[in-house]
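What follows is the content of my_file.cif (mmCIF, C-alpha atoms).
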```cif
data_coords
loop_
_atom_site.label_atom_id
_atom_site.label_comp_id
_atom_site.auth_asym_id
_atom_site.auth_seq_id
_atom_site.Cartn_x
_atom_site.Cartn_y
_atom_site.Cartn_z
CA MET A 1 73.79 235.88 116.53
CA ALA A 2 76.42 238.62 116.43
CA PRO A 3 78.84 238.42 113.48
CA LYS A 4 82.16 236.77 114.27
CA ILE A 5 85.15 239.08 114.58
CA GLN A 6 88.04 238.26 112.28
CA PRO A 7 91.12 237.64 114.48
CA ARG A 8 93.96 239.88 113.34
CA VAL A 9 96.51 242.38 114.65
CA PRO A 10 96.99 246.01 113.54
CA ARG A 11 99.36 246.67 110.64
CA GLY A 12 102.98 246.63 111.72
CA MET A 13 102.22 244.72 114.94
CA ARG A 14 102.79 241.03 115.63
CA ASP A 15 102.21 238.20 118.05
CA ILE A 16 105.30 236.43 119.38
CA LEU A 17 104.47 232.78 120.04
CA PRO A 18 106.17 230.69 122.75
CA GLN A 19 108.92 229.15 120.61
CA LYS A 20 110.07 232.61 119.51
CA MET A 21 109.67 233.99 123.03
CA ILE A 22 112.08 231.35 124.35
CA LEU A 23 114.78 232.66 121.99
CA ARG A 24 114.00 236.27 122.92
CA GLN A 25 114.20 235.53 126.62
CA TYR A 26 117.54 233.79 126.11
CA VAL A 27 119.01 236.85 124.40
CA ILE A 28 117.50 239.39 126.79
CA GLY A 29 118.64 237.37 129.81
CA ARG A 30 122.24 237.32 128.64
CA VAL A 31 122.22 240.99 127.73
CA GLU A 32 120.83 241.88 131.16
CA SER A 33 123.50 239.79 132.87
CA VAL A 34 126.24 241.81 131.16
CA PHE A 35 124.52 245.12 131.95
CA GLN A 36 124.39 244.19 135.61
CA ARG A 37 128.01 242.98 135.54
CA PHE A 38 128.95 246.54 134.54
CA GLY A 39 126.88 248.07 137.36
CA PHE A 40 123.83 249.15 135.35
CA GLU A 41 120.47 248.89 137.13
CA PRO A 42 116.99 248.28 135.66
CA LEU A 43 114.46 251.07 135.06
CA GLN A 44 110.85 251.07 133.87
CA THR A 45 108.95 254.04 132.42
CA PRO A 46 105.34 254.35 131.14
CA ALA A 47 104.41 253.41 127.58
CA LEU A 48 102.60 256.76 127.36
CA GLU A 49 104.35 260.10 127.75
CA LEU A 50 103.01 263.63 127.55
CA ARG A 51 103.27 264.70 123.94
CA GLU A 52 105.25 267.80 124.91
CA THR A 53 107.84 265.51 126.52
CA LEU A 54 108.61 263.84 123.18
CA MET A 55 108.25 266.62 120.64
CA GLY A 56 111.26 268.73 119.69
CA LYS A 57 113.84 266.11 120.72
CA TYR A 58 114.34 263.90 117.63
CA GLY A 59 114.16 266.16 114.58
CA PRO A 60 111.17 266.72 112.25
CA ASP A 61 111.53 263.54 110.18
CA ALA A 62 111.54 261.27 113.21
CA GLU A 63 108.73 263.12 114.94
CA LYS A 64 106.38 262.38 112.04
CA LEU A 65 106.53 258.76 113.22
CA ILE A 66 105.36 259.41 116.79
CA TYR A 67 102.03 257.77 117.66
CA ASP A 68 99.51 260.03 119.38
CA ALA A 69 97.26 258.23 121.90
CA GLN A 70 94.33 260.09 123.37
CA HIS A 71 91.67 258.99 125.88
CA ARG A 72 88.23 260.12 124.77
CA GLU A 73 87.73 262.16 127.95
CA GLY A 74 91.38 262.98 128.57
CA LYS A 75 92.60 266.56 128.78
CA GLU A 76 96.28 265.68 128.43
CA GLU A 77 97.89 265.29 125.01
CA LEU A 78 99.60 261.89 125.08
CA SER A 79 101.89 259.91 122.78
CA LEU A 80 103.38 256.44 122.82
CA ARG A 81 107.08 256.56 123.60
CA TYR A 82 109.30 256.74 120.51
CA ASP A 83 112.46 255.55 122.25
CA LEU A 84 113.86 254.99 125.75
CA THR A 85 116.29 257.93 125.76
CA VAL A 86 113.90 260.85 126.16
CA PRO A 87 112.00 259.08 129.00
CA LEU A 88 115.37 258.62 130.75
CA THR A 89 116.11 262.34 130.56
CA ARG A 90 112.67 263.10 132.00
CA ILE A 91 113.34 260.67 134.86
CA VAL A 92 116.64 262.36 135.70
CA ALA A 93 115.03 265.80 135.67
CA MET A 94 112.10 264.63 137.85
CA TYR A 95 114.25 262.83 140.42
CA PRO A 96 117.26 265.11 141.05
CA ASP A 97 118.33 263.12 144.12
CA LEU A 98 119.30 260.06 142.08
CA VAL A 99 122.86 259.12 142.98
CA LYS A 100 125.25 260.18 140.20
CA PRO A 101 126.66 258.74 138.07
CA PHE A 102 123.29 257.11 137.44
CA LYS A 103 123.75 253.93 135.41
CA ARG A 104 120.51 252.47 134.11
CA TYR A 105 119.33 249.99 131.53
CA GLN A 106 115.86 249.47 130.10
CA ILE A 107 114.54 246.78 127.74
CA ALA A 108 110.99 247.63 126.68
CA PRO A 109 108.70 248.16 123.66
CA VAL A 110 108.57 251.43 121.74
CA TRP A 111 106.21 252.51 118.94
CA ARG A 112 106.88 254.19 115.60
CA ALA A 113 104.53 254.72 112.68
CA GLU A 114 107.00 253.20 110.23
CA ARG A 115 105.91 251.81 106.89
CA PRO A 116 105.52 248.09 107.72
CA GLN A 117 107.83 245.77 105.81
CA LYS A 118 109.91 242.65 106.36
CA GLY A 119 111.90 243.04 109.56
CA ARG A 120 110.42 246.47 110.36
CA TYR A 121 107.55 246.72 112.82
CA ARG A 122 105.59 249.54 114.40
CA GLU A 123 105.96 248.01 117.84
CA PHE A 124 109.36 246.63 118.77
CA TYR A 125 111.72 246.33 121.71
CA GLN A 126 114.62 248.64 122.41
CA CYS A 127 117.50 247.79 124.70
CA ASP A 128 119.38 250.78 126.17
CA ALA A 129 122.14 251.34 128.71
CA ASP A 130 123.22 254.86 129.71
CA ILE A 131 125.47 256.67 132.18
CA VAL A 132 124.18 260.00 133.52
CA GLY A 133 126.38 262.51 135.34
CA SER A 134 129.92 261.94 134.06
CA LYS A 135 131.82 264.10 131.56
CA SER A 136 134.77 261.72 131.59
CA MET A 137 135.65 259.85 128.42
CA LEU A 138 136.06 256.88 130.75
CA ALA A 139 132.23 256.67 130.75
CA ASP A 140 132.25 256.45 126.95
CA ALA A 141 134.98 253.81 127.11
CA GLU A 142 132.78 251.82 129.51
CA ILE A 143 129.96 251.90 126.97
CA VAL A 144 132.19 250.63 124.15
CA THR A 145 133.67 247.96 126.43
CA MET A 146 130.19 246.83 127.43
CA ILE A 147 129.10 246.63 123.77
CA TYR A 148 132.00 244.26 123.15
CA ALA A 149 131.10 242.18 126.21
CA VAL A 150 127.42 241.85 125.21
CA LEU A 151 128.06 240.82 121.60
CA SER A 152 130.82 238.41 122.64
CA GLN A 153 128.52 236.85 125.24
CA LEU A 154 125.92 236.25 122.51
CA GLY A 155 128.48 234.57 120.25
CA PHE A 156 129.26 237.29 117.70
CA GLN A 157 132.90 237.28 116.62
CA ALA A 158 133.55 239.49 113.59
CA PHE A 159 132.27 242.96 114.53
CA VAL A 160 133.66 246.45 114.92
CA THR A 161 132.39 249.45 116.87
CA LYS A 162 132.95 252.59 114.83
CA ILE A 163 133.54 255.72 116.89
CA ASN A 164 133.38 259.38 115.88
CA ASN A 165 132.56 262.71 117.51
CA ARG A 166 129.81 265.15 116.57
CA LYS A 167 132.22 268.00 117.35
CA ILE A 168 134.53 266.73 114.62
CA LEU A 169 131.62 266.60 112.17
CA THR A 170 130.74 270.18 113.08
CA GLY A 171 134.38 271.12 112.59
CA ILE A 172 134.41 269.44 109.18
CA GLY A 173 131.43 271.56 108.16
CA GLN A 174 133.16 274.74 109.37
CA TYR A 175 136.43 273.80 107.65
CA ALA A 176 134.65 273.20 104.36
CA GLY A 177 132.54 276.36 104.64
CA VAL A 178 129.14 274.67 104.72
CA PRO A 179 126.37 277.09 105.77
CA ALA A 180 124.74 276.12 109.06
CA GLU A 181 121.36 275.51 107.42
CA MET A 182 122.95 272.94 105.09
CA LEU A 183 124.76 270.92 107.76
CA GLY A 184 121.88 268.46 108.21
CA GLY A 185 121.92 267.58 104.51
CA LEU A 186 125.71 267.32 104.61
CA TYR A 187 125.60 264.82 107.47
CA ARG A 188 122.93 262.75 105.73
CA SER A 189 125.11 262.56 102.63
CA ILE A 190 128.25 261.59 104.58
CA ASP A 191 126.27 258.91 106.43
CA LYS A 192 125.73 257.11 103.11
CA LEU A 193 129.47 256.71 102.45
CA ASP A 194 129.49 252.95 103.11
CA LYS A 195 126.57 252.43 100.74
CA ILE A 196 127.32 254.74 97.81
CA GLY A 197 131.05 255.46 98.13
CA ARG A 198 132.87 258.80 97.97
CA GLU A 199 131.81 259.53 94.40
CA GLY A 200 128.20 258.83 95.31
CA VAL A 201 128.49 261.24 98.24
CA ARG A 202 130.05 263.82 95.91
CA ALA A 203 127.19 263.49 93.44
CA GLU A 204 124.58 263.82 96.18
CA MET A 205 126.20 266.95 97.63
CA VAL A 206 126.39 268.54 94.16
CA GLN A 207 122.73 267.68 93.66
CA ASN A 208 121.97 269.43 96.95
CA GLN A 209 123.64 272.57 95.53
CA ILE A 210 126.65 272.51 97.83
CA PRO A 211 129.42 274.55 96.13
CA THR A 212 132.09 272.56 94.28
CA ASP A 213 135.02 273.86 96.37
CA VAL A 214 133.16 272.83 99.52
CA VAL A 215 132.46 269.38 98.07
CA ASP A 216 136.16 268.93 97.21
CA LYS A 217 137.17 269.73 100.78
CA ILE A 218 134.63 267.28 102.21
CA ILE A 219 135.73 264.49 99.86
CA GLY A 220 139.34 265.09 100.89
CA LEU A 221 138.43 264.68 104.53
CA LEU A 222 136.45 261.53 103.83
CA ALA A 223 139.57 260.01 102.27
CA ILE A 224 141.37 260.09 105.64
CA ALA A 225 141.82 256.54 106.91
CA PRO A 226 140.16 255.43 110.16
CA ASN A 227 142.29 256.04 113.29
CA ASP A 228 144.52 258.62 111.53
CA PHE A 229 144.27 261.34 114.20
CA GLY A 230 147.44 263.07 113.02
CA LYS A 231 146.24 263.80 109.50
CA LEU A 232 142.84 265.02 110.68
CA ARG A 233 144.43 267.22 113.34
CA ALA A 234 146.74 268.73 110.70
CA LEU A 235 143.71 269.79 108.65
CA LEU A 236 141.33 270.82 111.44
CA GLY A 237 143.84 272.08 114.03
CA GLY A 238 142.68 275.68 113.63
CA ILE A 239 139.03 274.92 114.39
CA PRO A 240 138.43 274.88 118.18
CA ILE A 241 135.37 272.61 118.23
CA ALA A 242 137.14 270.05 116.01
CA VAL A 243 140.21 270.10 118.28
CA GLU A 244 137.95 269.55 121.29
CA GLY A 245 136.40 266.53 119.57
CA LEU A 246 139.80 265.12 118.61
CA ASN A 247 141.10 265.52 122.17
CA GLU A 248 138.06 263.64 123.49
CA LEU A 249 138.55 260.78 121.05
CA GLU A 250 142.26 260.48 121.81
CA GLU A 251 141.46 260.28 125.53
CA LEU A 252 138.80 257.67 124.76
CA ALA A 253 141.37 255.73 122.71
CA LYS A 254 143.74 255.69 125.69
CA TYR A 255 141.08 254.23 127.99
CA LEU A 256 140.07 251.63 125.42
CA GLY A 257 143.72 250.66 125.14
CA ASP A 258 143.61 249.79 128.85
CA SER A 259 140.40 247.79 128.45
CA SER A 260 139.72 244.20 127.46
CA VAL A 261 138.42 245.18 124.00
CA PRO A 262 140.62 243.74 121.22
CA ARG A 263 141.93 246.38 118.83
CA ALA A 264 140.22 244.61 115.93
CA ASN A 265 136.81 245.28 117.48
CA TYR A 266 136.81 249.09 117.42
CA GLU A 267 138.02 251.88 115.15
CA PHE A 268 137.79 255.66 114.96
CA ASP A 269 135.94 256.42 111.72
CA PHE A 270 135.66 260.16 111.05
CA SER A 271 132.97 259.70 108.39
CA MET A 272 130.53 257.85 110.68
CA VAL A 273 127.35 259.84 111.43
CA ARG A 274 124.52 259.07 113.84
CA GLY A 275 121.21 260.49 112.68
CA LEU A 276 119.51 261.79 115.83
CA ALA A 277 119.82 265.52 116.44
CA TYR A 278 120.58 265.39 120.18
CA TYR A 279 124.13 263.93 120.07
CA THR A 280 126.82 266.35 121.26
CA GLY A 281 130.08 264.35 121.54
CA PRO A 282 131.39 260.83 120.88
CA ILE A 283 129.05 258.63 118.83
CA TYR A 284 129.25 254.85 118.29
CA GLU A 285 127.82 252.31 115.88
CA THR A 286 128.65 248.59 115.82
CA MET A 287 128.76 246.76 112.52
CA VAL A 288 128.93 243.00 112.02
CA THR A 289 131.62 242.50 109.39
CA GLU A 290 131.24 238.77 108.72
CA PRO A 291 128.67 238.06 107.52
CA LYS A 292 127.81 241.62 106.49
CA ILE A 293 124.46 242.21 108.17
CA GLY A 294 124.72 245.89 109.08
CA SER A 295 124.63 247.60 112.45
CA LEU A 296 123.56 246.05 115.75
CA THR A 297 124.15 248.97 118.14
CA GLY A 298 124.12 252.74 118.00
CA GLY A 299 124.57 255.48 120.55
CA GLY A 300 126.62 258.39 121.77
CA ARG A 301 126.93 261.31 124.15
CA TYR A 302 124.04 263.76 124.55
CA ASP A 303 125.00 266.30 127.19
CA GLU A 304 122.23 268.86 126.59
CA LEU A 305 119.01 266.83 126.42
CA ILE A 306 118.28 266.82 130.16
CA GLY A 307 118.53 270.62 130.10
CA LEU A 308 115.29 270.67 128.10
CA PHE A 309 113.50 269.42 131.23
CA SER A 310 115.53 271.07 133.97
CA ASN A 311 117.38 274.31 134.77
CA GLN A 312 120.57 272.26 135.08
CA SER A 313 121.74 269.89 132.38
CA LEU A 314 123.82 266.79 133.01
CA PRO A 315 126.26 264.89 130.80
CA VAL A 316 124.91 261.58 129.47
CA THR A 317 126.36 258.85 127.28
CA GLY A 318 124.92 255.51 126.27
CA THR A 319 124.00 253.02 123.60
CA SER A 320 121.02 251.16 122.21
CA PHE A 321 121.20 247.54 121.07
CA GLY A 322 119.09 246.47 118.11
CA ILE A 323 117.66 243.63 120.15
CA GLU A 324 115.08 242.65 117.52
CA ARG A 325 117.71 242.42 114.82
CA ILE A 326 120.12 240.56 117.08
CA ILE A 327 117.45 237.92 117.76
CA ASP A 328 116.61 237.55 114.06
CA VAL A 329 120.27 237.32 113.03
CA MET A 330 121.13 234.77 115.71
CA GLU A 331 118.23 232.60 114.63
CA GLU A 332 119.06 232.92 110.93
CA LEU A 333 122.74 232.06 111.50
CA GLY A 334 122.02 229.20 113.92
CA MET A 335 123.83 230.92 116.81
CA PHE A 336 121.56 229.70 119.61
CA PRO A 337 122.99 226.88 121.76
CA LYS A 338 121.46 223.46 121.18
CA ASN A 339 119.88 223.44 124.63
CA VAL A 340 117.86 226.57 123.76
CA GLY A 341 115.07 224.69 122.06
CA ARG A 342 111.42 224.90 121.20
CA THR A 343 110.21 224.56 124.79
CA VAL A 344 111.22 225.47 128.31
CA THR A 345 109.92 222.11 129.58
CA GLN A 346 112.61 219.57 130.42
CA ALA A 347 110.53 216.57 131.51
CA PHE A 348 107.01 215.33 130.85
CA VAL A 349 105.39 213.08 133.47
CA THR A 350 102.79 210.77 131.97
CA ILE A 351 99.66 209.41 133.66
CA PHE A 352 99.40 205.68 133.06
CA GLY A 353 95.89 205.37 134.40
CA LYS A 354 93.44 206.97 136.81
CA GLU A 355 94.62 204.77 139.68
CA LEU A 356 98.19 206.18 139.29
CA VAL A 357 97.32 209.89 139.05
CA GLY A 358 98.48 210.55 142.61
CA THR A 359 101.86 208.90 141.98
CA SER A 360 102.46 210.96 138.83
CA VAL A 361 101.46 214.17 140.64
CA ARG A 362 103.93 213.47 143.46
CA VAL A 363 106.77 212.66 141.03
CA ALA A 364 106.11 215.80 138.96
CA ASN A 365 106.15 218.03 142.01
CA ALA A 366 109.33 216.40 143.31
CA LEU A 367 111.06 217.16 140.00
CA ARG A 368 109.84 220.77 140.12
CA ALA A 369 111.18 221.09 143.66
CA ALA A 370 114.55 219.97 142.26
CA ASP A 371 114.46 222.87 139.71
CA ILE A 372 113.59 220.69 136.72
CA ASN A 373 110.95 222.27 134.50
CA THR A 374 108.26 219.61 134.48
CA GLU A 375 104.92 219.32 132.74
CA LEU A 376 102.33 216.86 134.05
CA ALA A 377 99.86 215.15 131.73
CA LEU A 378 96.35 216.34 132.52
CA GLU A 379 94.41 213.43 131.07
CA ALA A 380 94.94 209.65 131.19
CA ASP A 381 94.43 209.50 127.41
CA GLY A 382 96.63 206.56 126.69
CA LEU A 383 100.40 206.45 126.82
CA GLY A 384 100.93 206.69 123.06
CA LYS A 385 98.92 209.89 122.75
CA GLN A 386 100.73 211.45 125.71
CA LEU A 387 104.16 210.63 124.29
CA LYS A 388 103.15 211.97 120.89
CA TYR A 389 102.15 215.26 122.55
CA ALA A 390 105.49 215.50 124.40
CA ALA A 391 107.43 214.80 121.20
CA ALA A 392 105.45 217.43 119.29
CA LYS A 393 106.48 219.99 121.90
CA ALA A 394 110.13 218.84 121.68
CA ILE A 395 110.25 217.98 125.39
CA PRO A 396 113.51 216.02 125.77
CA PHE A 397 112.45 213.42 128.38
CA ALA A 398 109.26 211.59 129.33
CA VAL A 399 108.77 209.92 132.70
CA ILE A 400 106.55 206.81 132.63
CA ILE A 401 105.20 205.25 135.80
CA GLY A 402 103.12 202.14 135.15
CA PRO A 403 101.86 199.59 137.71
CA ASP A 404 105.17 197.69 137.74
CA GLU A 405 107.26 200.86 138.25
CA ALA A 406 104.84 202.14 140.90
CA SER A 407 104.97 198.91 142.90
CA GLU A 408 108.78 199.05 142.96
CA GLN A 409 109.06 202.85 143.49
CA GLN A 410 110.73 203.26 140.12
CA ALA A 411 110.17 205.22 136.90
CA THR A 412 111.06 204.69 133.27
CA VAL A 413 112.77 207.67 131.64
CA ARG A 414 112.45 207.79 127.86
CA ASP A 415 114.76 210.02 125.81
CA LEU A 416 112.29 211.34 123.24
CA GLY A 417 115.09 212.13 120.83
CA SER A 418 116.85 208.77 120.70
CA GLY A 419 114.09 206.54 122.07
CA GLU A 420 116.47 205.12 124.70
CA GLN A 421 114.79 204.08 127.98
CA THR A 422 116.26 203.77 131.48
CA VAL A 423 114.59 202.49 134.65
CA VAL A 424 115.49 204.71 137.60
CA PRO A 425 114.49 204.65 141.31
CA GLN A 426 112.10 207.49 142.00
CA THR A 427 114.38 208.73 144.79
CA LYS A 428 117.19 209.23 142.23
CA LEU A 429 115.04 210.48 139.36
CA ALA A 430 115.84 214.19 139.77
CA VAL A 431 119.59 213.56 139.93
CA PHE A 432 119.43 211.29 136.88
CA LEU A 433 117.49 213.82 134.80
CA ALA A 434 119.70 216.71 135.91
CA GLY A 435 122.73 214.77 134.69
CA LYS A 436 121.10 214.00 131.36
CA LEU A 437 120.05 217.62 130.87
CA GLN A 438 123.63 218.72 131.46
CA GLY A 439 124.82 216.31 128.80
CA GLY A 440 125.83 213.49 131.11
#
```
For this file, produce the structure as structure tokens.
Amino acid sequence: MAPKIQPRVPRGMRDILPQKMILRQYVIGRVESVFQRFGFEPLQTPALELRETLMGKYGPDAEKLIYDAQHREGKEELSLRYDLTVPLTRIVAMYPDLVKPFKRYQIAPVWRAERPQKGRYREFYQCDADIVGSKSMLADAEIVTMIYAVLSQLGFQAFVTKINNRKILTGIGQYAGVPAEMLGGLYRSIDKLDKIGREGVRAEMVQNQIPTDVVDKIIGLLAIAPNDFGKLRALLGGIPIAVEGLNELEELAKYLGDSSVPRANYEFDFSMVRGLAYYTGPIYETMVTEPKIGSLTGGGRYDELIGLFSNQSLPVTGTSFGIERIIDVMEELGMFPKNVGRTVTQAFVTIFGKELVGTSVRVANALRAADINTELALEADGLGKQLKYAAAKAIPFAVIIGPDEASEQQATVRDLGSGEQTVVPQTKLAVFLAGKLQGG
């Protein structure tokens, strides 16, 4: 006899069992509904991309995490997709006749060779929405407005989308006199401001051998309050790229002022940095402020990435939702509605005995035809055992049809939560259950 194989999954991977999948589908369904309300359309791309498609787009640290995947007889060098952004740019380059602006969303798994730990997996879902083909800051305002709509739809209340511009960050580096080769380290230090404070950022920059006068200038800029365009313009007004970034953000602010986004839910934070190397303009990151659980979205404008695949580049802006984190947070904080339970089944039709199998089958199918999710018992095991099974699955209602009910064309509906029973004519059973499921 061959040795038994130990059932397990690779490190950093996981199974998602039905009760968790129900919660995931709830979140994804509501996110998709908002995407479509804003005119975004679904897209699917392969899990595998040519390795040359992915490399050189994310920066060296990120690219160390890309999974290579090679067929034993394959001649192409392949990798699992690292995100959904680079595949989008390939799509746009391959299909130049796509109507522009091209608004797409994609919710799909990506793979990264992260160090596995609590809440961090090597396979996880990303959730992206992007607009290709518009330079207007109105496109960026649409993204921020959509972020607000998605998080509000899911029940989040205390959150703020922080907005900055990579051109301003470049201008800050030029103003302070940071050598070009040190800008990456500068941005990484600034990005830690919320965690380590201004003095912590100062210490890190000194440790990275950035000159003291440069450090003093950077710290002075970091002291500027969010939304204070005037003070930043006074300091950076002589640096063209910084002025360009400020003009873009002020235009974006005007459009957001005309939108439905409350002022408390967005701010212009000139110290906010997004890590990926391909951003070229406005960048956004949404933080939940109460309770403090960190960021749920991140994104920005990347107008040059498509040019790596095509002779003509196109402007692109978009965002990615941390769908995995959103699901975990909603579950931890009890944010799911009460009717999003442990099962998708709404009614369980019992089989009283072999002579009544046909009756139970007909009733179950009638309920399904009325759009009630119905499970039919598959064995006449005894009513107690069947009801125990339904209760274990948290099915809200059981339908019992014994000889007396069958002879009178009736059914007994048992509320498996309260134990309450009601005798209902079979012709009115679907209407009765629909009312109960709606809280009637």
Original post:
Within 10 Å of Val215 of chain A, counting all atoms listed in the file, which residues qualify if same-chain residues fewer than 6 places away don't, as a PyMOL selection string?
Top reply: chain A and resi 176-178+186+201-206+209+221
**OP:** May I have the residues within 8 Å of Phe159 of chain A as number ranges by chain, using only C-alpha atoms and disregarding those fewer than 3 positions away in the same chain?
**Re:** A: 156, 265, 286-290
**OP:** Go ahead and find all residues with at least one atom no further than 10 Å from (123.3, 244.8, 117.4) in the file's coordinates, using all atoms listed in the file; report them as an NGL selection string.
**Re:** :A and (127 or 147 or 150-151 or 156 or 159 or 285-288 or 293-298 or 320-327 or 329)
**OP:** Do a neighbour search on Gly12 of chain A at 12 Å with all atoms listed in the file, toss out local chain neighbours closer than 3 positions, and write the hits as a list in words.
**Re:** Arg8, Val9, Asp15, Trp111, Arg112, Ala113, Glu114, Arg115, Pro116, Gln117, Lys118, Gly119, Arg120, Tyr121, Arg122, Glu123 and Phe124 of chain A
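Note that the spacing between atom CA of Glu331 of chain A and atom CA of Glu375 of chain A amounts to 26.1 Å.
Atom CA of Asp140 of chain A sits 13.0 Å away from atom CA of Gly257 of chain A.
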Original post:
So which residues get picked by the PyMOL selection byres ((chain A and resi 59-66) around 10) here, written as a PyMOL selection string?
Top reply: chain A and resi 51+54-58+67-69+79-83+110-115+122+275-278
Starting from the shown file, work through the PyMOL selection byres ((chain A and resi 302-314) around 7) and note down what comes out as a short mmCIF file (atom, residue, chain, number, x, y, z; two decimals) with C-alpha atoms, in the frame of the given file.
```
data_model
loop_
_atom_site.label_atom_id
_atom_site.label_comp_id
_atom_site.auth_asym_id
_atom_site.auth_seq_id
_atom_site.Cartn_x
_atom_site.Cartn_y
_atom_site.Cartn_z
CA THR A 89 116.11 262.34 130.56
CA ARG A 90 112.67 263.10 132.00
CA ALA A 93 115.03 265.80 135.67
CA VAL A 132 124.18 260.00 133.52
CA GLY A 133 126.38 262.51 135.34
CA TYR A 278 120.58 265.39 120.18
CA TYR A 279 124.13 263.93 120.07
CA THR A 280 126.82 266.35 121.26
CA GLY A 281 130.08 264.35 121.54
CA GLY A 300 126.62 258.39 121.77
CA ARG A 301 126.93 261.31 124.15
CA PRO A 315 126.26 264.89 130.80
CA VAL A 316 124.91 261.58 129.47
CA THR A 317 126.36 258.85 127.28
#
```
Original post:
Care to translate the PyMOL selection byres ((chain A and resi 365-372) around 8) into actual residues of this file, as an MDAnalysis selection string?
Top reply: chainID A and resid 346:347 361:364 373:374 429:430 434
Could you write segment 17-33 of chain A as a CSV table (one decimal), keeping the file's coordinate frame, with N, CA and C atoms rebuilt where they are missing?
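Result file follows (result.csv):
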```
chain,number,residue,atom,x,y,z
A,17,LEU,N,104.9,234.0,119.4
A,17,LEU,CA,104.5,232.8,120.0
A,17,LEU,C,105.6,232.2,120.9
A,18,PRO,N,105.2,231.2,121.7
A,18,PRO,CA,106.2,230.7,122.8
A,18,PRO,C,107.5,230.3,122.2
A,19,GLN,N,107.6,229.6,121.1
A,19,GLN,CA,108.9,229.2,120.6
A,19,GLN,C,109.8,230.3,120.3
A,20,LYS,N,109.3,231.4,119.7
A,20,LYS,CA,110.1,232.6,119.5
A,20,LYS,C,110.4,233.3,120.8
A,21,MET,N,109.4,233.3,121.8
A,21,MET,CA,109.7,234.0,123.0
A,21,MET,C,110.8,233.3,123.8
A,22,ILE,N,111.0,232.0,123.7
A,22,ILE,CA,112.1,231.4,124.4
A,22,ILE,C,113.4,231.9,123.9
A,23,LEU,N,113.5,232.1,122.5
A,23,LEU,CA,114.8,232.7,122.0
A,23,LEU,C,115.0,234.1,122.5
A,24,ARG,N,113.9,234.9,122.5
A,24,ARG,CA,114.0,236.3,122.9
A,24,ARG,C,114.4,236.3,124.4
A,25,GLN,N,113.9,235.5,125.2
A,25,GLN,CA,114.2,235.5,126.6
A,25,GLN,C,115.7,235.1,126.8
A,26,TYR,N,116.1,234.2,126.0
A,26,TYR,CA,117.5,233.8,126.1
A,26,TYR,C,118.4,235.0,125.8
A,27,VAL,N,118.2,235.7,124.8
A,27,VAL,CA,119.0,236.8,124.4
A,27,VAL,C,118.9,237.9,125.5
A,28,ILE,N,117.7,238.3,125.8
A,28,ILE,CA,117.5,239.4,126.8
A,28,ILE,C,118.1,239.0,128.1
A,29,GLY,N,118.0,237.8,128.5
A,29,GLY,CA,118.6,237.4,129.8
A,29,GLY,C,120.1,237.5,129.8
A,30,ARG,N,120.8,237.2,128.7
A,30,ARG,CA,122.2,237.3,128.6
A,30,ARG,C,122.7,238.8,128.5
A,31,VAL,N,121.9,239.6,127.8
A,31,VAL,CA,122.2,241.0,127.7
A,31,VAL,C,122.1,241.6,129.1
A,32,GLU,N,121.0,241.3,129.8
A,32,GLU,CA,120.8,241.9,131.2
A,32,GLU,C,122.0,241.5,132.1
A,33,SER,N,122.4,240.2,132.0
A,33,SER,CA,123.5,239.8,132.9
A,33,SER,C,124.8,240.6,132.7
```
